[in-house]
Amino acid sequence: VSPMKAKAKSVNLNWSTGGLVRMLSLSGIEAPLQVTSFLNSRLEGREVYAQSGMMTLEPPDGTITPLARKVEQLLDFGSYRCSQFDLRYGADNEASGLSIRGSELTARTGEDGEGLRFNATGGFVNFGNWGELKIDHGLGDWKDGTFNLVSLFARSGDVGEVIFKGVKPLGPEGAAVFDVRLEKFPFGDLLGVDSLGTLIGGEVDAPSGSLSFDPRREDSAQVEMPYTARNVSIQGFRFLSGLASILRKDHYANPEGGTMTGIFKWDREQLRIEDFKYEMRFHLKVEGNLAVKDEELSGTIRVGVPEDLMMRTATETRYPSFSVARQGYCWMDVQLSGTLEQPNDDFFQKLEASPVNQKFPPASKEGE
């Protein structure tokens with residue numbers, strides 16, 4: 001400590017039991033001091049600055065522990081700023097369901113003179129199996145052992161935006177709840193860049209979804225989100241290559257430019273898309289439910305193709321496994337199986353009973 005400035009190479013604080021916070025480490029610390037610091041037992045000044053910091057959160061034991069009881073007795077500064085702040089929930093970095101890295105974080109006393117208000121800008125946030133999101137800005141309050149997320153704005157790519165807002169604070173008792181809104185969000189990032197996002201792409205809007213999280217259990221996070229997607233592409237499913245083969249139209253193998261609605265659900269056990277409806281207008285409809293658990297696919301879907309491609313006569317389809325036309329489409333029920341790397345289904349098995357000799361409409365140019 002010099003007459004005008006306090007410096008420290010690093011500071012480590014640990015909380016063995018209690019609330020959410022278990023460890024806080026800071027490095028490259030500087031704090032310009034006021035003259036009054038030498039007239040009493042407290043270091044006083046405008047701001048404490050740290051080059052980097054790391055905070056670890058773990059499930060609480062039900063008690064409330066002040067964030068920095070001893071530090072508050074020693075320090076009295078207007079703000080505390082860290083230019084490269086990281087946060088992790090859980091002791092295992094690989095399995096962490098929530099993490100922040102490289103964000104500039106500033107903490108000030110709350111508006112009512114109690115607790116702390118946090119402002120975050122820049123950096124990245126990771127949640128669950130979603131792709132890494134770039135933080136634009138965020139605001140939150142810490143008071144009486146609970147954290148309330150006022151808002152967090154983040155982006156995926158150049159245009160995709162996700163907005164989190166707190167509904168129920170994160171604390172030692174009960175689940176926290178956050179409202180989630182997506183705008184022009186990459187469908188592949190929502191479904192997981194290493195999960196279903198490898199098979200389905202597009203752009204998603206979700207005006208209001210729910211993210212809940214019980215801090216007492218690291219694996220408790222859940223998301224439920226009705227969505228609308230556009231410019232949807234689907235690839236890799238066997239039934240698609242089957243349609244391309246029997247209809248003699250290559251674009252069925254990898255349909256693009258469709259729309260989709262449904263309900264996205266995610267927890268640490270599995271990812272589900274429920275009650276979804278996909279449509280590539282005048283070409284293809286797919287409806288149903290699908291799930292991914294431990295990289296294995298499951299689900300039941302209905303595949304619909306235009307009646308003029310499937311009806312042999314007014315009352316007979318070219319393949320008995322397809323239904324007679326309803327509202328312009330002929331339908332087949334398909335059971336999904338296999339893995340993300342090798343999706344499978346029973347489409348071809350259901351064609352085995354079909355007539356051998358078929359009369360097809362003339363082959364069309366790609367994309368017609």
# chains A, B, ... in the order shown; residues from 1 in each chain; ligands from 1
$ residues_around --residues "A:Pro207" --least-positions-apart "3" --cutoff "9 Å" --atoms "only C-alpha atoms" --output "JSON, numbers by chain"
{"A": [180, 181, 182, 183, 225, 226, 227]}
$ closest_residue --among "A:Thr146, A:Phe77, A:Arg101, A:Arg108" --to "A:Val125" --atoms "only C-alpha atoms"
A:Arg101
$ closest_residue --among "A:Tyr89, A:Tyr80, A:Tyr329, A:Tyr49" --to "A:Phe282" --atoms "only C-alpha atoms"
A:Tyr329
$ select_by_dssp --residues "stretch 148-244 of chain A" --states "helix (DSSP H, G or I)" --output "number ranges by chain"
A: 187-191, 196-198, 238-244
$ closest_residue --among "A:Gly122, A:Gly115, A:Gly160, A:Gly201" --to "A:Gly257" --atoms "only C-alpha atoms"
A:Gly201
$ closest_residue --among "A:Met332, A:Val177, A:Val159, A:Ile135" --to "A:Phe147" --atoms "only C-alpha atoms"
A:Val177
